[in-house]
>>> print(open('structure.cif').read())   # mmCIF, C-alpha atoms (C1' of nucleotides)
data_data
loop_
_atom_site.label_atom_id
_atom_site.label_comp_id
_atom_site.auth_asym_id
_atom_site.auth_seq_id
_atom_site.Cartn_x
_atom_site.Cartn_y
_atom_site.Cartn_z
CA MET A 1 132.14 109.35 87.89
CA GLN A 2 130.83 107.38 84.95
CA ASN A 3 132.03 104.12 86.42
CA ASN A 4 129.60 104.22 89.34
CA ILE A 5 126.79 101.72 89.61
CA SER A 6 123.57 102.61 91.44
CA ILE A 7 121.34 99.88 92.81
CA ALA A 8 117.83 100.48 94.13
CA THR A 9 115.07 98.58 95.90
CA PHE A 10 111.39 99.41 95.57
CA ASN A 11 108.34 97.51 96.76
CA VAL A 12 105.99 98.50 93.94
CA ASN A 13 102.83 96.77 95.23
CA SER A 14 101.90 95.54 91.71
CA ILE A 15 104.24 96.20 88.80
CA ARG A 16 101.31 96.76 86.47
CA SER A 17 99.74 99.45 88.66
CA ARG A 18 103.11 101.14 89.10
CA LEU A 19 104.40 100.71 85.55
CA ASP A 20 104.33 104.41 84.61
CA ILE A 21 106.02 105.43 87.86
CA VAL A 22 108.77 102.85 87.43
CA LEU A 23 109.37 103.64 83.75
CA GLU A 24 109.56 107.37 84.42
CA TRP A 25 111.83 106.84 87.39
CA MET A 26 114.21 104.75 85.30
CA ALA A 27 114.03 107.26 82.43
CA GLN A 28 115.19 109.92 84.89
CA GLY A 29 118.32 107.83 85.37
CA LYS A 30 117.69 107.25 89.06
CA CYS A 31 119.56 103.94 89.05
CA ASP A 32 121.24 101.28 86.93
CA VAL A 33 119.74 98.23 88.63
CA LEU A 34 116.24 98.35 90.09
CA CYS A 35 115.05 95.54 92.33
CA VAL A 36 111.29 95.46 92.73
CA GLN A 37 109.11 93.40 95.04
CA GLU A 38 105.43 92.49 95.21
CA ILE A 39 105.05 92.60 91.46
CA LYS A 40 101.81 90.60 91.93
CA VAL A 41 101.79 89.07 88.48
CA GLN A 42 102.50 85.68 86.99
CA ASP A 43 105.41 85.49 84.56
CA ALA A 44 103.17 85.17 81.49
CA ASP A 45 101.59 88.56 82.25
CA PHE A 46 104.73 90.47 83.29
CA PRO A 47 104.93 93.70 81.22
CA ALA A 48 108.34 92.80 79.78
CA GLY A 49 107.64 94.56 76.49
CA ALA A 50 107.25 97.93 78.18
CA PHE A 51 110.71 97.64 79.72
CA GLU A 52 112.31 96.30 76.57
CA SER A 53 110.82 99.18 74.58
CA ALA A 54 112.50 101.53 77.04
CA GLY A 55 115.83 99.80 76.38
CA LEU A 56 115.82 98.02 79.73
CA PHE A 57 116.42 94.40 80.61
CA CYS A 58 114.17 92.62 83.06
CA ALA A 59 114.42 89.33 84.88
CA PHE A 60 111.37 88.27 86.84
CA HIS A 61 110.10 85.57 89.14
CA GLY A 62 106.39 86.03 89.71
CA GLN A 63 103.24 84.33 90.86
CA LYS A 64 99.57 85.15 90.66
CA THR A 65 98.15 87.79 93.07
CA TYR A 66 100.88 87.71 95.71
CA ASN A 67 104.61 88.29 96.07
CA GLY A 68 106.85 88.22 93.02
CA VAL A 69 110.23 89.90 92.45
CA ALA A 70 112.04 91.33 89.45
CA ILE A 71 115.32 92.99 88.52
CA ILE A 72 115.16 95.77 85.92
CA SER A 73 118.50 96.95 84.59
CA LYS A 74 120.22 99.08 81.98
CA LEU A 75 122.76 96.35 81.32
CA GLN A 76 122.05 92.73 80.67
CA PRO A 77 122.83 90.56 83.68
CA ASP A 78 125.51 87.92 83.19
CA GLU A 79 123.58 85.38 85.22
CA VAL A 80 120.13 85.11 86.81
CA SER A 81 118.69 82.67 89.31
CA CYS A 82 115.57 82.39 91.46
CA LYS A 83 114.42 80.92 94.79
CA GLN A 84 116.14 80.75 98.18
CA THR A 85 116.02 76.95 98.15
CA PRO A 86 114.87 74.48 95.48
CA GLU A 87 111.79 73.85 97.63
CA ASP A 88 110.95 77.56 97.92
CA GLU A 89 107.31 77.68 96.77
CA GLU A 90 106.67 81.44 97.12
CA ALA A 91 108.20 83.86 94.59
CA ARG A 92 110.37 85.89 96.97
CA LEU A 93 113.94 85.82 95.68
CA ILE A 94 115.72 86.63 92.44
CA ARG A 95 119.43 87.10 91.98
CA ALA A 96 121.44 88.60 89.15
CA ARG A 97 125.15 89.07 88.55
CA PHE A 98 126.55 92.11 86.78
CA GLY A 99 130.24 91.52 86.29
CA ASP A 100 131.69 91.00 89.76
CA ILE A 101 128.66 92.51 91.54
CA ASN A 102 126.05 90.06 92.79
CA VAL A 103 122.56 91.44 93.43
CA VAL A 104 120.17 89.46 95.62
CA ASN A 105 116.63 90.83 95.65
CA THR A 106 114.18 89.48 98.22
CA TYR A 107 110.65 90.02 99.45
CA VAL A 108 110.77 88.73 103.00
CA PRO A 109 107.46 87.29 104.31
CA GLN A 110 105.58 89.95 106.27
CA GLY A 111 104.76 87.57 109.12
CA THR A 112 101.09 88.51 109.58
CA GLU A 113 100.98 88.21 113.38
CA VAL A 114 103.58 87.59 116.06
CA GLY A 115 103.40 83.95 117.18
CA SER A 116 101.53 82.77 114.09
CA ALA A 117 102.70 80.06 111.72
CA ARG A 118 103.45 82.78 109.18
CA PHE A 119 105.64 84.53 111.75
CA GLU A 120 107.70 81.36 112.24
CA TYR A 121 107.85 81.01 108.47
CA LYS A 122 109.21 84.55 108.30
CA LEU A 123 111.89 83.92 110.93
CA ASN A 124 113.01 80.74 109.18
CA TRP A 125 113.00 82.47 105.80
CA ILE A 126 115.24 85.24 107.14
CA ARG A 127 117.59 82.71 108.77
CA GLY A 128 117.68 80.84 105.47
CA MET A 129 119.43 83.82 103.91
CA ARG A 130 122.59 83.05 105.87
CA LYS A 131 122.86 79.60 104.30
CA TYR A 132 121.97 81.11 100.94
CA MET A 133 124.79 83.62 101.24
CA SER A 134 127.40 81.24 102.59
CA ASP A 135 126.59 78.54 100.01
CA LEU A 136 127.01 80.95 97.11
CA PHE A 137 129.46 83.59 98.26
CA SER A 138 132.25 84.54 100.57
CA PRO A 139 132.17 87.81 102.56
CA GLU A 140 135.08 88.95 100.38
CA ASP A 141 132.81 88.89 97.31
CA LYS A 142 130.88 91.94 96.17
CA VAL A 143 127.35 91.07 97.18
CA VAL A 144 124.38 93.33 97.81
CA TRP A 145 121.23 92.01 99.48
CA VAL A 146 118.31 94.35 98.94
CA GLY A 147 114.58 94.29 99.22
CA ASP A 148 111.55 94.66 101.38
CA LEU A 149 113.00 92.81 104.35
CA ASN A 150 109.95 93.57 106.50
CA VAL A 151 112.13 94.25 109.56
CA ALA A 152 112.80 97.60 111.18
CA ARG A 153 116.13 97.10 112.89
CA GLU A 154 116.35 99.85 115.49
CA PRO A 155 114.04 102.19 117.44
CA MET A 156 114.90 105.06 115.10
CA ASP A 157 113.59 102.96 112.20
CA VAL A 158 109.94 103.24 113.30
CA TYR A 159 107.76 106.23 114.14
CA ASP A 160 106.71 105.00 117.59
CA PRO A 161 109.31 102.59 119.00
CA GLU A 162 107.65 102.32 122.42
CA GLY A 163 104.16 101.68 121.09
CA LEU A 164 105.28 99.36 118.30
CA GLN A 165 107.80 97.38 120.38
CA GLY A 166 107.24 93.66 119.84
CA SER A 167 104.81 94.05 116.95
CA VAL A 168 105.28 92.36 113.61
CA CYS A 169 108.17 93.90 111.62
CA PHE A 170 109.56 95.40 114.84
CA HIS A 171 110.04 92.33 117.00
CA PRO A 172 113.27 91.28 118.71
CA ASP A 173 113.14 87.78 117.20
CA GLU A 174 113.01 89.28 113.71
CA GLN A 175 115.82 91.69 114.51
CA SER A 176 117.95 88.88 115.96
CA ALA A 177 117.36 86.73 112.90
CA LEU A 178 118.31 89.56 110.56
CA ASN A 179 121.35 90.50 112.64
CA TRP A 180 122.48 86.87 112.59
CA VAL A 181 122.35 86.85 108.80
CA MET A 182 124.24 90.12 108.66
CA GLU A 183 126.91 88.78 111.00
CA TRP A 184 127.92 86.52 108.13
CA GLY A 185 129.39 89.72 106.71
CA MET A 186 126.97 92.46 105.69
CA VAL A 187 126.66 96.18 106.37
CA ASP A 188 123.50 98.33 106.38
CA VAL A 189 124.51 100.73 103.62
CA PHE A 190 121.83 103.30 104.41
CA ARG A 191 122.98 103.51 108.03
CA LYS A 192 126.59 103.84 106.94
CA HIS A 193 125.65 107.11 105.27
CA HIS A 194 122.99 108.25 107.76
CA PRO A 195 124.14 107.15 111.22
CA GLY A 196 121.67 107.97 113.97
CA GLU A 197 119.31 109.74 111.62
CA ALA A 198 115.64 109.31 112.56
CA ASP A 199 112.54 110.03 110.46
CA GLN A 200 114.00 108.18 107.46
CA PHE A 201 111.22 105.87 106.38
CA SER A 202 110.66 103.75 103.28
CA PHE A 203 107.12 102.59 104.10
CA PHE A 204 103.91 104.24 105.25
CA ASP A 205 100.87 102.04 105.83
CA TYR A 206 98.03 102.87 103.43
CA ARG A 207 95.56 102.18 106.22
CA ILE A 208 96.73 104.99 108.46
CA PRO A 209 95.17 108.24 107.27
CA ASN A 210 97.77 110.84 106.23
CA ALA A 211 100.55 108.59 107.47
CA VAL A 212 103.18 110.35 105.34
CA LYS A 213 102.19 113.80 106.53
CA ARG A 214 102.12 112.56 110.11
CA ARG A 215 105.50 110.80 109.61
CA MET A 216 104.04 107.46 110.77
CA GLY A 217 106.51 105.35 108.84
CA TRP A 218 108.92 102.45 108.96
CA ARG A 219 112.36 101.79 107.47
CA ILE A 220 111.95 98.19 106.36
CA ASP A 221 113.36 98.36 102.82
CA HIS A 222 117.07 97.78 102.98
CA ILE A 223 120.33 97.72 101.08
CA MET A 224 122.82 95.42 102.78
CA ALA A 225 126.27 94.88 101.30
CA THR A 226 129.34 92.86 102.06
CA GLU A 227 132.16 95.01 103.39
CA ALA A 228 134.00 94.52 100.10
CA LEU A 229 131.15 96.33 98.36
CA ALA A 230 130.03 98.62 101.19
CA ASP A 231 133.54 100.08 101.25
CA LEU A 232 132.81 101.32 97.72
CA SER A 233 129.47 102.97 98.53
CA ILE A 234 129.47 106.74 98.12
CA ASP A 235 125.80 107.48 98.82
CA CYS A 236 122.55 105.89 99.95
CA TYR A 237 119.20 107.64 100.19
CA ILE A 238 115.45 107.21 100.25
CA ASP A 239 113.90 108.80 97.17
CA LYS A 240 110.61 110.38 98.19
CA GLU A 241 109.72 111.63 94.74
CA PRO A 242 107.63 108.63 93.57
CA ARG A 243 105.27 109.35 96.47
CA LEU A 244 104.33 112.62 94.79
CA LYS A 245 102.97 110.79 91.72
CA PRO A 246 99.39 109.67 91.21
CA LYS A 247 98.75 106.19 92.58
CA PRO A 248 102.03 105.80 94.50
CA SER A 249 103.05 102.61 96.25
CA ASP A 250 102.99 102.56 100.04
CA HIS A 251 106.78 102.05 99.78
CA THR A 252 109.35 104.31 98.17
CA PRO A 253 112.70 103.50 96.56
CA VAL A 254 115.98 103.25 98.44
CA VAL A 255 119.05 103.89 96.29
CA ALA A 256 122.72 103.12 96.87
CA VAL A 257 125.59 104.32 94.69
CA PHE A 258 128.81 102.32 94.48
CA GLN A 259 132.13 102.97 92.80
CA ALA A 260 132.33 100.23 90.21
"C1'" DA B 1 88.25 105.26 115.95
"C1'" DT B 2 88.13 98.53 117.45
"C1'" DG B 3 88.22 101.69 111.65
"C1'" DG B 4 91.03 103.04 107.80
"C1'" DT B 5 93.40 102.04 101.95
"C1'" DG B 6 94.91 99.39 98.15
"C1'" DG B 7 95.68 95.41 94.77
"C1'" DC B 8 94.22 91.24 92.95
"C1'" DA B 9 91.25 87.82 92.67
"C1'" DC B 10 86.75 86.54 92.83
"C1'" DC B 11 82.59 87.51 96.20
"C1'" DG B 12 88.04 87.11 100.66
"C1'" DC B 13 92.99 87.50 101.32
"C1'" DC B 14 97.10 89.75 102.22
"C1'" DA B 15 99.71 93.73 103.28
#
>>> encode(input="structure.cif", output="structure tokens")
Amino acid sequence: MQNNISIATFNVNSIRSRLDIVLEWMAQGKCDVLCVQEIKVQDADFPAGAFESAGLFCAFHGQKTYNGVAIISKLQPDEVSCKQTPEDEEARLIRARFGDINVVNTYVPQGTEVGSARFEYKLNWIRGMRKYMSDLFSPEDKVVWVGDLNVAREPMDVYDPEGLQGSVCFHPDEQSALNWVMEWGMVDVFRKHHPGEADQFSFFDYRIPNAVKRRMGWRIDHIMATEALADLSIDCYIDKEPRLKPKPSDHTPVVAVFQA
DNA sequence: ATGGTGGCACCGCCA
């Protein structure tokens, strides 16, 4: 169906280091709207020309060294905005509207260590998404919230649920905060298409030797959609192919396809 | 096994 729209999320861990992978992936027609996180570049140094030369549009909200988000798309967005709140000082959110589809791309704070100030910051940042959504949208709107949300939601979303229970990115307070945001009116699109399926991971820690081969992964990169939009999803999958390239990210893209 | 890898900035920090 030529009317479908595919939306993907990919933590690139530096857009400049992953530029060739991203450009090739887009050239293969893997998606129409690509949301990337951890671009790790300030706006002045974002490689916009490389995307424009490939006929792609890009909207970006970056900062030096850390964080940073961007939306790369085949069509020009009708509207773009940044930040979760006006006071938001870390570059973690960018939003774009394509017709009646609203795309919210976030890089949720990792949290560093359970009980730390950064962990509280993470919990509050996640909870802030509910106000963000309700201020801007109604659950009847077509909204997709994607990104590195840094939360594995269920035991099947991590490789060792017993051993990892209560650790950062797999902690009940994080899961409760995320569930509370989703209760506003969002569905986990990947789980809609893969209910109960384990060993579906979007992230493998660089620091664990042969983590991919040993399947020591996490599903922390998500595509959440309002029911109005989730009802139109026809597929959602984790694309493992970019991992086969030289210098891959420690994350891999998650793609959802919607009937437009 | 108390480490390991990777990116960016700068000689440490964050993931």
>>> interface_residues(input="structure.cif", of="chain B", to="chain A", cutoff="10 Å", atoms="only C-alpha atoms (C1' of nucleotides)", output="ChimeraX atom specification")
/B:3-9,13-15
>>> residues_around(input="structure.cif", residues="stretch 22-31 of chain A", least_positions_apart="4", cutoff="9 Å", atoms="all atoms listed in the file", output="list in words")
Ile5, Ser6, Ile7, Ala8, Val12, Ile15, Arg18, Ala50, Phe51, Ala54, Leu56, Ser73, Lys74, Pro242, Val255, Ala256 and Val257 of chain A
>>> write_last_selection(input="structure.cif", atoms="C-alpha atoms", output="PDB file, keeping the file's coordinate frame")
ATOM      1  CA  ILE A   5     126.790 101.720  89.610  1.00  0.00           C
ATOM      2  CA  SER A   6     123.570 102.610  91.440  1.00  0.00           C
ATOM      3  CA  ILE A   7     121.340  99.880  92.810  1.00  0.00           C
ATOM      4  CA  ALA A   8     117.830 100.480  94.130  1.00  0.00           C
ATOM      5  CA  VAL A  12     105.990  98.500  93.940  1.00  0.00           C
ATOM      6  CA  ILE A  15     104.240  96.200  88.800  1.00  0.00           C
ATOM      7  CA  ARG A  18     103.110 101.140  89.100  1.00  0.00           C
ATOM      8  CA  ALA A  50     107.250  97.930  78.180  1.00  0.00           C
ATOM      9  CA  PHE A  51     110.710  97.640  79.720  1.00  0.00           C
ATOM     10  CA  ALA A  54     112.500 101.530  77.040  1.00  0.00           C
ATOM     11  CA  LEU A  56     115.820  98.020  79.730  1.00  0.00           C
ATOM     12  CA  SER A  73     118.500  96.950  84.590  1.00  0.00           C
ATOM     13  CA  LYS A  74     120.220  99.080  81.980  1.00  0.00           C
ATOM     14  CA  PRO A 242     107.630 108.630  93.570  1.00  0.00           C
ATOM     15  CA  VAL A 255     119.050 103.890  96.290  1.00  0.00           C
ATOM     16  CA  ALA A 256     122.720 103.120  96.870  1.00  0.00           C
ATOM     17  CA  VAL A 257     125.590 104.320  94.690  1.00  0.00           C
TER      18      VAL A 257
END
>>> resolve_selection(input="structure.cif", expression="the PyMOL selection byres ((chain A and resi 104) around 9)", output="MDAnalysis selection string")
chainID A and resid 35 93:97 102:103 105:106 143:147
>>> residues_around(input="structure.cif", residues="A:Phe10", least_positions_apart="5", cutoff="8 Å", atoms="all atoms listed in the file", output="list of chain:residue names")
A:Leu34, A:Cys35, A:Val36, A:Gln37, A:Gly147, A:Asp148, A:Asp221, A:His251, A:Thr252, A:Pro253, A:Val254
>>> resolve_selection(input="structure.cif", expression="the PyMOL selection byres ((chain A and resi 232) around 9)", output="list in words")
Glu227, Ala228, Leu229, Ala230, Asp231, Ser233, Ile234, Val257, Phe258, Gln259 and Ala260 of chain A
>>> write_last_selection(input="structure.cif", atoms="C-alpha atoms", output="mmCIF file, in the coordinates of the input")
data_model
loop_
_atom_site.group_PDB
_atom_site.id
_atom_site.type_symbol
_atom_site.label_atom_id
_atom_site.label_comp_id
_atom_site.auth_asym_id
_atom_site.auth_seq_id
_atom_site.Cartn_x
_atom_site.Cartn_y
_atom_site.Cartn_z
ATOM 1 C CA GLU A 227 132.160 95.010 103.390
ATOM 2 C CA ALA A 228 134.000 94.520 100.100
ATOM 3 C CA LEU A 229 131.150 96.330 98.360
ATOM 4 C CA ALA A 230 130.030 98.620 101.190
ATOM 5 C CA ASP A 231 133.540 100.080 101.250
ATOM 6 C CA SER A 233 129.470 102.970 98.530
ATOM 7 C CA ILE A 234 129.470 106.740 98.120
ATOM 8 C CA VAL A 257 125.590 104.320 94.690
ATOM 9 C CA PHE A 258 128.810 102.320 94.480
ATOM 10 C CA GLN A 259 132.130 102.970 92.800
ATOM 11 C CA ALA A 260 132.330 100.230 90.210
#
>>> atom_distance(input="structure.cif", atom1="atom CA of A:Arg127", atom2="atom CA of A:Asp32")
28.9 Å
>>> residues_around(input="structure.cif", residues="A:Phe60", least_positions_apart="3", cutoff="8 Å", atoms="all atoms listed in the file", output="number ranges by chain")
A: 43, 46, 68-71, 94
>>> residues_near_point(input="structure.cif", point="(114.1, 94.7, 105.0)", cutoff="10 Å", atoms="all atoms listed in the file", output="list of chain:residue names")
A:Thr9, A:Thr106, A:Tyr107, A:Val108, A:Pro109, A:Gln110, A:Ile126, A:Trp145, A:Val146, A:Gly147, A:Asp148, A:Leu149, A:Asn150, A:Val151, A:Ala152, A:Arg153, A:Cys169, A:Leu178, A:Ser202, A:Arg219, A:Ile220, A:Asp221, A:His222, A:Ile223, A:Met224
>>> atom_distance(input="structure.cif", atom1="atom CA of A:Phe57", atom2="atom CA of A:Gln76")
5.9 Å
>>> atom_distance(input="structure.cif", atom1="atom CA of A:His61", atom2="atom CA of A:Lys131")
20.7 Å
>>> residues_around(input="structure.cif", residues="A:Val181", least_positions_apart="2", cutoff="8 Å", atoms="all atoms listed in the file", output="PyMOL selection string")
chain A and resi 126-127+129-130+177-179+183-186
>>> write_last_selection(input="structure.cif", atoms="C-alpha atoms", output="PDB file, in the coordinates of the input")
ATOM      1  CA  ILE A 126     115.240  85.240 107.140  1.00  0.00           C
ATOM      2  CA  ARG A 127     117.590  82.710 108.770  1.00  0.00           C
ATOM      3  CA  MET A 129     119.430  83.820 103.910  1.00  0.00           C
ATOM      4  CA  ARG A 130     122.590  83.050 105.870  1.00  0.00           C
ATOM      5  CA  ALA A 177     117.360  86.730 112.900  1.00  0.00           C
ATOM      6  CA  LEU A 178     118.310  89.560 110.560  1.00  0.00           C
ATOM      7  CA  ASN A 179     121.350  90.500 112.640  1.00  0.00           C
ATOM      8  CA  GLU A 183     126.910  88.780 111.000  1.00  0.00           C
ATOM      9  CA  TRP A 184     127.920  86.520 108.130  1.00  0.00           C
ATOM     10  CA  GLY A 185     129.390  89.720 106.710  1.00  0.00           C
ATOM     11  CA  MET A 186     126.970  92.460 105.690  1.00  0.00           C
TER      12      MET A 186
END
>>> resolve_selection(input="structure.cif", expression="the PyMOL selection byres ((chain A and resi 195-200) around 8)", output="JSON, numbers by chain")
{"A": [156, 157, 158, 159, 191, 192, 193, 194, 201, 202, 215, 217, 218, 219, 238]}
>>> closest_residue(input="structure.cif", among="A:Gln165, A:Gln42, A:Ser81, A:Ser138", to="A:Ala59", atoms="all atoms listed in the file")
A:Ser81
>>> closest_residue(input="structure.cif", among="A:Leu19, A:Asp188, A:Val33, A:Phe137", to="A:Gly49", atoms="all atoms listed in the file")
A:Leu19
>>> closest_residue(input="structure.cif", among="A:Lys213, A:Asp235, A:Asn4, A:Asp160", to="A:Phe190", atoms="only C-alpha atoms")
A:Asp235
>>> build_atoms(input="structure.cif", residues="stretch 186-197 of chain A", atoms="N, CA and C atoms", output="PDB file, in the coordinates of the input")
ATOM      1  N   MET A 186     127.691  91.431 106.446  1.00  0.00           N
ATOM      2  CA  MET A 186     126.970  92.460 105.690  1.00  0.00           C
ATOM      3  C   MET A 186     126.795  93.736 106.500  1.00  0.00           C
ATOM      4  N   VAL A 187     126.785  94.845 105.778  1.00  0.00           N
ATOM      5  CA  VAL A 187     126.660  96.180 106.370  1.00  0.00           C
ATOM      6  C   VAL A 187     125.369  96.822 105.871  1.00  0.00           C
ATOM      7  N   ASP A 188     124.684  97.548 106.747  1.00  0.00           N
ATOM      8  CA  ASP A 188     123.500  98.330 106.380  1.00  0.00           C
ATOM      9  C   ASP A 188     123.987  99.615 105.703  1.00  0.00           C
ATOM     10  N   VAL A 189     123.895  99.635 104.374  1.00  0.00           N
ATOM     11  CA  VAL A 189     124.510 100.730 103.620  1.00  0.00           C
ATOM     12  C   VAL A 189     123.827 102.070 103.901  1.00  0.00           C
ATOM     13  N   PHE A 190     122.510 102.032 104.101  1.00  0.00           N
ATOM     14  CA  PHE A 190     121.830 103.300 104.410  1.00  0.00           C
ATOM     15  C   PHE A 190     122.346 103.879 105.727  1.00  0.00           C
ATOM     16  N   ARG A 191     122.498 103.025 106.732  1.00  0.00           N
ATOM     17  CA  ARG A 191     122.980 103.510 108.030  1.00  0.00           C
ATOM     18  C   ARG A 191     124.433 103.967 107.984  1.00  0.00           C
ATOM     19  N   LYS A 192     125.215 103.368 107.090  1.00  0.00           N
ATOM     20  CA  LYS A 192     126.590 103.840 106.940  1.00  0.00           C
ATOM     21  C   LYS A 192     126.610 105.325 106.576  1.00  0.00           C
ATOM     22  N   HIS A 193     125.657 105.727 105.747  1.00  0.00           N
ATOM     23  CA  HIS A 193     125.650 107.110 105.270  1.00  0.00           C
ATOM     24  C   HIS A 193     124.754 108.028 106.099  1.00  0.00           C
ATOM     25  N   HIS A 194     123.903 107.450 106.926  1.00  0.00           N
ATOM     26  CA  HIS A 194     122.990 108.250 107.760  1.00  0.00           C
ATOM     27  C   HIS A 194     122.976 107.730 109.195  1.00  0.00           C
ATOM     28  N   PRO A 195     124.121 107.709 109.856  1.00  0.00           N
ATOM     29  CA  PRO A 195     124.140 107.150 111.220  1.00  0.00           C
ATOM     30  C   PRO A 195     123.288 107.989 112.168  1.00  0.00           C
ATOM     31  N   GLY A 196     122.454 107.288 112.935  1.00  0.00           N
ATOM     32  CA  GLY A 196     121.670 107.970 113.970  1.00  0.00           C
ATOM     33  C   GLY A 196     120.562 108.859 113.467  1.00  0.00           C
ATOM     34  N   GLU A 197     120.306 108.828 112.172  1.00  0.00           N
ATOM     35  CA  GLU A 197     119.310 109.740 111.620  1.00  0.00           C
ATOM     36  C   GLU A 197     117.911 109.131 111.695  1.00  0.00           C
TER      37      GLU A 197
END
